[in-house]
Each structure stands twice: as structure tokens, then as C-alpha cells.
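Shown here: query09.txt, compact mmCIF, C-alpha atoms.
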# COMPACT_ATOMS: atom_id res chain seq x y z
CA MET F 64 -25.14 0.71 -14.70
CA THR F 65 -23.37 3.14 -17.01
CA ALA F 66 -20.42 1.96 -19.06
CA SER F 67 -17.25 3.97 -19.27
CA SER F 68 -16.50 5.59 -22.62
CA THR F 69 -12.98 4.14 -22.49
CA PRO F 70 -11.93 0.61 -21.51
CA ASN F 71 -11.21 0.19 -17.83
CA SER F 72 -7.81 -1.04 -16.71
CA PRO F 73 -6.92 -2.75 -13.41
CA GLU F 74 -4.91 0.29 -12.35
CA GLN F 75 -8.07 2.43 -12.48
CA SER F 76 -9.95 0.10 -10.13
CA LEU F 77 -10.30 0.26 -6.35
CA LEU F 78 -7.85 -2.60 -5.89
CA GLY F 79 -5.30 -1.71 -3.21
CA LYS F 80 -7.00 1.64 -2.49
CA PRO F 81 -9.07 2.78 0.49
CA ALA F 82 -12.78 2.43 -0.21
CA THR F 83 -15.93 3.61 1.49
CA TYR F 84 -18.45 0.81 1.92
CA LYS F 85 -21.91 1.84 0.79
CA ALA F 86 -24.80 0.07 2.48
CA GLU F 87 -27.43 1.24 0.00
CA TYR F 88 -27.82 -0.40 -3.39
CA ASP F 89 -25.46 1.04 -6.01
CA ALA F 90 -24.89 -0.81 -9.29
CA SER F 91 -22.32 1.77 -10.43
CA LEU F 92 -19.80 0.22 -8.03
CA LEU F 93 -19.17 -2.64 -10.45
CA PHE F 94 -15.89 -2.19 -12.37
CA PRO F 95 -15.68 -4.11 -15.67
CA ILE F 96 -12.27 -4.87 -17.23
CA PRO F 97 -12.09 -6.06 -20.87
CA ARG F 98 -10.78 -9.58 -21.38
CA SER F 99 -9.28 -8.65 -24.75
CA GLY F 100 -5.98 -7.17 -23.54
CA LYS F 101 -4.75 -10.25 -21.71
CA ARG F 102 -6.08 -12.54 -24.43
CA GLU F 103 -4.09 -10.67 -27.03
CA GLU F 104 -1.02 -11.18 -24.84
CA ILE F 105 -1.34 -14.96 -25.20
CA GLY F 106 -2.18 -14.80 -28.89
CA LEU F 107 -5.98 -15.02 -28.76
CA THR F 108 -7.04 -12.42 -31.29
CA ASP F 109 -9.69 -14.24 -33.33
CA SER F 110 -12.17 -16.94 -32.35
CA LEU F 111 -11.58 -18.52 -28.95
CA PRO F 112 -10.14 -22.07 -28.88
CA PHE F 113 -12.35 -22.92 -25.91
CA PHE F 114 -15.72 -22.35 -24.31
CA GLY F 115 -16.31 -22.22 -20.60
CA VAL F 116 -17.51 -20.32 -17.58
CA ASP F 117 -16.27 -18.42 -14.55
CA ILE F 118 -18.14 -19.45 -11.41
CA TRP F 119 -18.18 -16.87 -8.63
CA ASN F 120 -19.37 -17.94 -5.19
CA ALA F 121 -20.34 -15.12 -2.84
CA TYR F 122 -20.59 -16.12 0.81
CA GLU F 123 -21.36 -12.67 2.27
CA VAL F 124 -24.70 -11.76 0.68
CA SER F 125 -27.15 -9.89 2.89
CA TRP F 126 -30.10 -7.53 2.50
CA LEU F 127 -33.21 -6.43 4.42
CA ASN F 128 -36.73 -7.68 3.93
CA LEU F 129 -39.55 -5.15 3.65
CA ARG F 130 -39.88 -5.06 7.45
CA GLY F 131 -36.18 -4.30 7.90
CA LYS F 132 -35.12 -7.75 9.06
CA PRO F 133 -31.69 -8.86 7.76
CA GLN F 134 -31.58 -11.78 5.34
CA VAL F 135 -28.55 -13.84 4.26
CA ALA F 136 -27.75 -16.19 1.41
CA ILE F 137 -24.90 -17.66 -0.62
CA ALA F 138 -24.87 -16.67 -4.29
CA ALA F 139 -23.41 -18.59 -7.21
CA VAL F 140 -22.87 -16.49 -10.34
CA THR F 141 -22.04 -18.25 -13.60
CA VAL F 142 -20.41 -16.08 -16.27
CA PRO F 143 -19.81 -17.25 -19.86
CA ALA F 144 -16.15 -17.22 -20.89
CA ASP F 145 -17.02 -15.38 -24.09
CA SER F 146 -18.32 -12.36 -22.19
CA PRO F 147 -16.30 -9.28 -23.20
CA ASN F 148 -15.47 -8.30 -19.60
CA ILE F 149 -14.52 -9.61 -16.22
CA ILE F 150 -15.52 -7.75 -13.05
CA GLU F 151 -12.75 -6.61 -10.72
CA SER F 152 -13.31 -8.58 -7.53
CA LYS F 153 -13.11 -5.74 -4.99
CA SER F 154 -15.75 -3.82 -6.92
CA PHE F 155 -17.89 -6.98 -6.92
CA LYS F 156 -17.57 -7.12 -3.12
CA LEU F 157 -18.43 -3.42 -2.72
CA TYR F 158 -21.45 -3.89 -4.98
CA LEU F 159 -22.71 -6.85 -2.93
CA ASN F 160 -22.21 -4.90 0.29
CA SER F 161 -24.39 -2.11 -1.10
CA PHE F 162 -27.36 -4.41 -0.50
CA ASN F 163 -26.70 -4.65 3.25
CA GLN F 164 -29.20 -1.91 4.20
CA THR F 165 -31.39 -2.23 1.11
CA ARG F 166 -34.97 -3.42 1.52
CA LEU F 167 -36.18 -5.95 -1.03
CA ALA F 168 -39.40 -7.86 -1.45
CA GLY F 169 -37.64 -11.24 -1.44
CA THR F 170 -35.03 -13.47 -3.04
CA ASP F 171 -36.61 -13.12 -6.48
CA ALA F 172 -36.16 -9.36 -6.33
CA LEU F 173 -32.52 -9.77 -5.34
CA VAL F 174 -31.83 -12.32 -8.10
CA SER F 175 -33.47 -10.02 -10.65
CA LEU F 176 -31.23 -7.10 -9.67
CA LEU F 177 -28.08 -9.23 -9.55
CA GLN F 178 -28.71 -10.76 -12.96
CA ALA F 179 -29.45 -7.40 -14.59
CA ASP F 180 -26.49 -5.54 -13.08
CA LEU F 181 -23.94 -8.32 -13.49
CA SER F 182 -25.04 -9.09 -17.05
CA ALA F 183 -24.51 -5.41 -17.88
CA GLY F 184 -21.09 -5.41 -16.24
CA PHE F 185 -19.81 -8.63 -17.77
CA GLY F 186 -21.42 -7.74 -21.10
CA ALA F 187 -23.25 -11.07 -21.39
CA ALA F 188 -26.12 -12.86 -19.71
CA VAL F 189 -25.11 -14.40 -16.38
CA GLN F 190 -26.92 -16.92 -14.22
CA VAL F 191 -27.49 -16.28 -10.52
CA LYS F 192 -28.50 -18.92 -8.00
CA LEU F 193 -29.17 -18.15 -4.34
CA THR F 194 -28.90 -20.69 -1.54
CA THR F 195 -30.81 -19.61 1.57
CA PRO F 196 -30.07 -20.84 5.13
CA ASP F 197 -32.79 -23.52 5.01
CA HIS F 198 -30.71 -25.24 2.31
CA PHE F 199 -27.20 -24.62 3.67
CA ASP F 200 -26.97 -28.23 4.83
CA LYS F 201 -27.41 -29.37 1.22
CA LEU F 202 -24.10 -27.76 0.22
CA ALA F 203 -21.48 -30.51 0.06
CA MET F 204 -17.70 -30.38 -0.20
CA HIS F 205 -15.85 -32.12 -3.00
CA GLU F 206 -12.24 -32.51 -4.10
CA LEU F 207 -11.26 -32.35 -7.75
CA PRO F 208 -10.87 -35.94 -9.00
CA GLY F 209 -7.74 -37.01 -10.85
CA GLN F 210 -4.20 -38.29 -10.44
CA LEU F 211 -2.29 -36.07 -8.02
CA LEU F 212 0.75 -34.41 -9.58
CA ASP F 213 1.92 -33.23 -6.16
CA ARG F 214 3.10 -36.76 -5.32
CA LEU F 215 6.10 -36.23 -7.60
CA ASP F 216 9.45 -35.44 -5.95
CA ILE F 217 10.77 -32.72 -8.23
CA GLU F 218 13.34 -29.97 -8.04
CA VAL F 219 11.98 -26.51 -8.86
CA GLU F 220 14.22 -23.70 -10.09
CA SER F 221 11.78 -21.20 -11.65
CA TYR F 222 8.69 -19.48 -10.29
CA SER F 223 7.58 -17.76 -13.49
CA PRO F 224 5.40 -19.61 -16.02
CA ASN F 225 7.59 -21.11 -18.74
CA PRO F 226 5.63 -23.00 -21.42
CA ASP F 227 8.89 -24.41 -22.81
CA LEU F 228 8.94 -26.70 -19.77
CA LEU F 229 5.90 -28.55 -21.11
CA GLY F 230 6.30 -31.77 -23.05
CA ALA F 231 4.39 -34.84 -24.18
CA ASN F 232 5.09 -38.27 -25.67
CA PHE F 233 4.19 -37.84 -29.33
CA ASP F 234 5.48 -41.30 -30.31
CA GLU F 235 2.90 -43.32 -28.37
CA ALA F 236 -0.85 -43.78 -28.71
CA PRO F 237 -3.04 -41.01 -27.28
CA VAL F 238 -4.32 -41.32 -23.73
CA GLU F 239 -7.16 -39.83 -21.74
CA GLU F 240 -6.38 -38.81 -18.19
CA THR F 241 -7.15 -36.28 -15.51
CA LEU F 242 -4.36 -34.63 -13.51
CA VAL F 243 -4.73 -32.48 -10.40
CA SER F 244 -2.45 -30.19 -8.42
CA HIS F 245 -3.10 -28.19 -5.26
CA LEU F 246 0.12 -26.20 -5.70
CA LEU F 247 -1.23 -23.48 -7.98
CA LYS F 248 -0.46 -20.03 -6.66
CA SER F 249 -0.52 -16.77 -8.55
CA ASN F 250 -0.75 -13.15 -7.43
CA CYS F 251 -3.23 -10.35 -7.97
CA LEU F 252 -2.37 -8.36 -11.06
CA VAL F 253 -2.54 -5.05 -9.18
CA THR F 254 -1.89 -5.63 -5.47
CA GLY F 255 0.39 -8.66 -5.64
CA GLN F 256 -1.67 -10.42 -2.96
CA PRO F 257 -1.42 -14.24 -3.23
CA ASP F 258 -4.18 -16.23 -4.89
CA TRP F 259 -4.23 -19.91 -3.88
CA GLY F 260 -5.86 -22.58 -5.99
CA SER F 261 -6.24 -26.18 -7.07
CA VAL F 262 -6.20 -27.02 -10.77
CA GLN F 263 -7.58 -29.97 -12.72
CA ILE F 264 -6.40 -30.82 -16.24
CA HIS F 265 -8.42 -33.34 -18.24
CA TYR F 266 -7.20 -34.16 -21.74
CA VAL F 267 -7.16 -36.60 -24.61
CA GLY F 268 -3.95 -36.74 -26.62
CA PRO F 269 -0.23 -37.47 -26.38
CA GLN F 270 0.61 -38.33 -22.78
CA ILE F 271 1.80 -35.20 -21.00
CA ASP F 272 5.05 -35.40 -19.05
CA GLN F 273 3.75 -35.04 -15.51
CA GLU F 274 6.96 -33.75 -13.92
CA LYS F 275 7.25 -31.05 -16.56
CA LEU F 276 3.60 -30.11 -16.13
CA LEU F 277 3.98 -29.79 -12.37
CA LYS F 278 7.05 -27.58 -12.75
CA TYR F 279 5.13 -25.43 -15.22
CA LEU F 280 2.17 -25.03 -12.86
CA ILE F 281 4.42 -24.18 -9.90
CA GLY F 282 5.93 -21.54 -12.19
CA PHE F 283 2.88 -19.35 -11.63
CA ARG F 284 3.99 -18.80 -8.03
CA ASP F 285 5.49 -15.35 -8.71
CA HIS F 286 3.18 -14.51 -11.62
CA ASN F 287 0.78 -11.54 -11.44
CA GLU F 288 -2.48 -12.16 -13.27
CA PHE F 289 -6.17 -12.51 -12.49
CA HIS F 290 -7.62 -16.00 -11.96
CA GLU F 291 -9.40 -16.13 -15.31
CA GLN F 292 -6.28 -15.04 -17.16
CA CYS F 293 -4.09 -17.69 -15.49
CA VAL F 294 -6.46 -20.49 -16.50
CA GLU F 295 -6.60 -19.28 -20.09
CA ARG F 296 -2.81 -19.04 -20.20
CA ILE F 297 -2.53 -22.62 -18.91
CA PHE F 298 -5.04 -23.83 -21.51
CA VAL F 299 -3.27 -22.11 -24.41
CA ASP F 300 0.23 -23.20 -23.34
CA ILE F 301 -0.80 -26.86 -23.00
CA MET F 302 -2.58 -26.80 -26.35
CA ARG F 303 0.45 -25.34 -28.12
CA HIS F 304 3.17 -27.42 -26.50
CA CYS F 305 1.43 -30.75 -25.77
CA LYS F 306 -1.08 -30.72 -28.66
CA PRO F 307 -4.00 -32.61 -27.07
CA GLN F 308 -7.05 -33.23 -29.21
CA LYS F 309 -9.28 -32.32 -26.27
CA LEU F 310 -8.52 -30.31 -23.15
CA SER F 311 -10.25 -28.89 -20.08
CA VAL F 312 -8.60 -26.73 -17.43
CA TYR F 313 -10.51 -26.01 -14.22
CA ALA F 314 -9.19 -24.04 -11.24
CA ARG F 315 -10.81 -23.67 -7.83
CA TYR F 316 -9.35 -20.63 -6.07
CA THR F 317 -9.69 -19.93 -2.37
CA ARG F 318 -11.95 -17.08 -1.39
CA ARG F 319 -10.93 -13.53 -0.60
CA GLY F 320 -13.37 -10.94 0.73
CA GLY F 321 -16.12 -13.53 0.79
CA LEU F 322 -15.71 -14.36 -2.92
CA ASP F 323 -14.11 -17.26 -4.71
CA ILE F 324 -13.59 -17.41 -8.49
CA ASN F 325 -13.45 -20.71 -10.35
CA PRO F 326 -12.63 -20.50 -14.09
CA TRP F 327 -13.21 -23.46 -16.43
CA ARG F 328 -12.08 -23.64 -20.06
CA SER F 329 -12.70 -26.61 -22.35
CA ASN F 330 -12.92 -27.76 -25.95
CA PHE F 331 -14.54 -31.14 -25.17
CA SER F 332 -17.52 -31.50 -27.50
CA SER F 333 -19.76 -32.83 -24.72
CA GLY F 334 -19.78 -29.38 -23.15
CA GLN F 335 -20.52 -30.80 -19.72
CA GLY F 336 -19.99 -28.03 -17.20
CA PRO F 337 -17.87 -28.23 -14.05
CA ASP F 338 -18.98 -29.24 -10.57
CA ASN F 339 -19.39 -26.19 -8.32
CA ARG F 340 -19.02 -28.00 -5.00
CA ARG F 341 -16.32 -26.25 -2.97
CA ASN F 342 -13.16 -28.01 -1.88
CA ALA F 343 -11.58 -28.14 1.58
CA ARG F 344 -9.56 -24.94 1.19
CA GLN F 345 -12.54 -22.91 0.00
Here is a file; write its structure as C-alpha cells.
Amino acid sequence: MTASSTPNSPEQSLLGKPATYKAEYDASLLFPIPRSGKREEIGLTDSLPFFGVDIWNAYEVSWLNLRGKPQVAIAAVTVPADSPNIIESKSFKLYLNSFNQTRLAGTDALVSLLQADLSAGFGAAVQVKLTTPDHFDKLAMHELPGQLLDRLDIEVESYSPNPDLLGANFDEAPVEETLVSHLLKSNCLVTGQPDWGSVQIHYVGPQIDQEKLLKYLIGFRDHNEFHEQCVERIFVDIMRHCKPQKLSVYARYTRRGGLDINPWRSNFSSGQGPDNRRNARQ
């Protein structure tokens, strides 16, 4: 894959534009977008206050074996949060579809190509795991554990993210709790198409005002930003306004075009990664 001499922007991508689907392998279809611009927007200009991953699940992976017989699998791609780029999702789909009429010696050959091309695009080493049909029945569903914020009967007046809504009880002893909402909705940065998700917030620190947090999360409803950028914005806003000692933010977004994207950001020292089991809406 050849890198562009100038940074790519979402407006230059194939998002919202007619595209010809190639059925022969073509790594050049991948469209990287630097993370730096949106991170600068939320004040992340030096070292990152978190580590984490973006987990992409691809449900429409197919290729041909050496005798021309179609093969299918589900791919899970794990991308480190400190990679310099994200990949624009439509280009990711077009790239995966370029394998549809491509003959490969087996799953190892496919994994090798995916890891090499995606690592080049994201700018960091990615992990690729394939699940073949003989193991489909091992894939279980799972809902994000935690206390449900959506139980709260609140009045909502704003549908743009407002970090000033956030608050915490700084006069009491710190708590550790996990909060979940299924009411996260944002919109594609370029096309404005809705992105639906569930979000889990695990923290140690002053107890966060749950009603204010829910209003803040609902505030993304009219907000245009990619999945990864929304999760990082949530992380940074909670850190600045609620001042937890430890924080993890994990979002499971519903799939579009056979892909779902699930960003996780954390500063917990244990570094235990997120569970990649899909939830009911995925």
C-alpha cells in the first residue's frame, strides 16, 4: 500500500460517493485518516492520557480457495489506540470486498495479507483473528455489564455534547462503579448517517452524577464524529470535569456495511482488554 504524500481528510474519502466494487485484491483501496486532527480539537497534543484499542468486526469476509470455491469467515481486527491513523470504514469495506474473487491458499494466507495491509494503513501493528464456519457456534452474545443509566427519568433539552453538564460529588469518598447506556447515537462525520451504540463507563473516583452523565451522553445525538473520536471525547470530558483517578470508556457500535467498530480507552493500570462478544443490537 502506498501512503499519500499529504494527510488524508474525510472529505477526500469515498464516503457518500458512488464506488465501483473491485472483486480482485487491491490494498490501495484502504484510506487512512490521521487521528491527530481530532485529538488536537479536544486538547490532546502531547502524550495520550489513555491506552486502548479499536476492535473492528467484519462479518462479510469471503475469498476463493485455490480451486475457485468460495470461502467465508468473520474477522476481528484489533488496532492499538496509539496508531497514527484510523481507516475510513467504507474504504475498509471496499478493501475486504476486493478479496471476493481472489484465490488464496488458505486462512493463513488471508490473515497474512490482512495484517500486512492493515498495519500499513493504520501505521501500527494490528492483530487479525478469523473465525471460520466450523466455529461460528462458539461465538456468544453478551451485554455490557453495569448499572443502567437509561432507567433514569430525565428531561433532555440539548442534543450536542456539552461537557459542562458533567458533575461529580467531590465531598464524599471515592467510589468504583460501572455505568452503561444504550442511548448513545452520533452521526458519521461526512455523510451524517446515524451511528448507534452502547457505552460502558467504569471509573474509580468522585461519584459521577448519573443524571448529568446521561444527559451528556444523549448530547451526542446530533454530533458528527467518527466512533473512535466520540469515545476519546467522552473519555477526555469525564476526566476533566469529574476527575476520576481511573477511567475506562468502551463503546459497542452497531454494524454498517458488514462492519462494526468498538473503541475502548482506559487508564486502569491492569490494562485488561475489553470483551469482544457482540451485543444484541450488533
Hey, what's within 12 Å of Met302 (chain F) if we count all atoms listed in the file and toss same-chain stuff fewer than 2 positions away? As a VMD selection string, please?
chain F and resid 105 112 to 113 226 229 to 231 264 to 269 271 295 to 300 304 to 312 328 to 330
From (-25.0, -26.4, -10.1), in the file's coordinates, out to 12 Å: which residues are reached, counting only C-alpha atoms? Answer as a list in words.
Ile118, Trp119, Asn120, Ala138, Ala139, Val140, Thr141, Gln190, Val191, Lys192, Leu193, Thr194, Lys201, Leu202, Ala203, Gln335, Gly336, Pro337, Asp338, Asn339, Arg340 and Arg341 of chain F
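For the residues F:Arg214, F:Arg315, F:Lys153, F:Lys85, ranking by smallest atom-to-atom distance to Leu277 (chain F) using only C-alpha atoms places F:Arg214 first.
Going from CA of Leu173 (chain F) over to CA of Thr317 (chain F), you cover 25.2 Å.
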Between region 287-338 of chain F and region 252-260 of chain F, at 10 Å or less, what are the per-residue closest atom pairs and their distances in Å? Count only C-alpha atoms, order by chain and rising residue number, and return it as a Markdown table.
| residue | atom | partner | partner_atom | distance |
| --- | --- | --- | --- | --- |
| F:Asn287 | CA | F:Leu252 | CA | 4.5 |
| F:Glu288 | CA | F:Leu252 | CA | 4.4 |
| F:Phe289 | CA | F:Leu252 | CA | 5.8 |
| F:His290 | CA | F:Asp258 | CA | 7.9 |
| F:Gln292 | CA | F:Leu252 | CA | 9.9 |
| F:Ala314 | CA | F:Gly260 | CA | 6.4 |
| F:Arg315 | CA | F:Gly260 | CA | 5.4 |
| F:Tyr316 | CA | F:Gly260 | CA | 4.0 |
| F:Thr317 | CA | F:Trp259 | CA | 5.7 |
| F:Arg318 | CA | F:Asp258 | CA | 8.6 |
| F:Arg319 | CA | F:Asp258 | CA | 8.4 |
| F:Asp323 | CA | F:Gly260 | CA | 9.9 |
| F:Ile324 | CA | F:Gly260 | CA | 9.6 |
| F:Asn325 | CA | F:Gly260 | CA | 9.0 |
Hey, can you spit out that residue selection with C-alpha atoms as a PDB file, in the coordinates of the input?
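Writing done, so here's out-v8.pdb:
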ATOM      1  CA  ASN F 287       0.780 -11.540 -11.440  1.00  0.00           C
ATOM      2  CA  GLU F 288      -2.480 -12.160 -13.270  1.00  0.00           C
ATOM      3  CA  PHE F 289      -6.170 -12.510 -12.490  1.00  0.00           C
ATOM      4  CA  HIS F 290      -7.620 -16.000 -11.960  1.00  0.00           C
ATOM      5  CA  GLN F 292      -6.280 -15.040 -17.160  1.00  0.00           C
ATOM      6  CA  ALA F 314      -9.190 -24.040 -11.240  1.00  0.00           C
ATOM      7  CA  ARG F 315     -10.810 -23.670  -7.830  1.00  0.00           C
ATOM      8  CA  TYR F 316      -9.350 -20.630  -6.070  1.00  0.00           C
ATOM      9  CA  THR F 317      -9.690 -19.930  -2.370  1.00  0.00           C
ATOM     10  CA  ARG F 318     -11.950 -17.080  -1.390  1.00  0.00           C
ATOM     11  CA  ARG F 319     -10.930 -13.530  -0.600  1.00  0.00           C
ATOM     12  CA  ASP F 323     -14.110 -17.260  -4.710  1.00  0.00           C
ATOM     13  CA  ILE F 324     -13.590 -17.410  -8.490  1.00  0.00           C
ATOM     14  CA  ASN F 325     -13.450 -20.710 -10.350  1.00  0.00           C
TER      15      ASN F 325
END
Of the listed residues F:Asp285, F:Glu218, F:Asp145, F:Asp171, that which approaches Gly186 (chain F) most closely, counting only C-alpha atoms
F:Asp145
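As for CA of Phe94 (chain F) and CA of Ile149 (chain F), they are spaced 8.5 Å apart.
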Which residues, written as a ChimeraX atom specification, have at least one atom at most 10 Å from Ala183 (chain F), with all atoms listed in the file counted and residues fewer than 2 positions away on the same chain left out?
/F:64-66,90,93,95,148,177-181,185-189
Would you kindly identify which residues have an atom no farther than 9 Å from (-23.1, -1.3, 3.6), using all atoms listed in the file and the file's own coordinates, and write them out as an NGL selection string?
:F and (83-88 or 157 or 159-165)
Can you spit out the residues from that selection as a short mmCIF file (atom, residue, chain, number, x, y, z; two decimals), in the coordinates of the input, using C-alpha atoms?
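Output file again05.cif is given in full below:
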data_model
loop_
_atom_site.label_atom_id
_atom_site.label_comp_id
_atom_site.auth_asym_id
_atom_site.auth_seq_id
_atom_site.Cartn_x
_atom_site.Cartn_y
_atom_site.Cartn_z
CA THR F 83 -15.93 3.61 1.49
CA TYR F 84 -18.45 0.81 1.92
CA LYS F 85 -21.91 1.84 0.79
CA ALA F 86 -24.80 0.07 2.48
CA GLU F 87 -27.43 1.24 0.00
CA TYR F 88 -27.82 -0.40 -3.39
CA LEU F 157 -18.43 -3.42 -2.72
CA LEU F 159 -22.71 -6.85 -2.93
CA ASN F 160 -22.21 -4.90 0.29
CA SER F 161 -24.39 -2.11 -1.10
CA PHE F 162 -27.36 -4.41 -0.50
CA ASN F 163 -26.70 -4.65 3.25
CA GLN F 164 -29.20 -1.91 4.20
CA THR F 165 -31.39 -2.23 1.11
#
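The gap separating CA of Ser244 (chain F) from CA of Leu211 (chain F) is 5.9 Å, in Å to one decimal.
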Residue nearest Thr195 (chain F) among F:Ser91, F:Thr108, F:Ser125, F:Gln263 (counting only C-alpha atoms)
F:Ser125
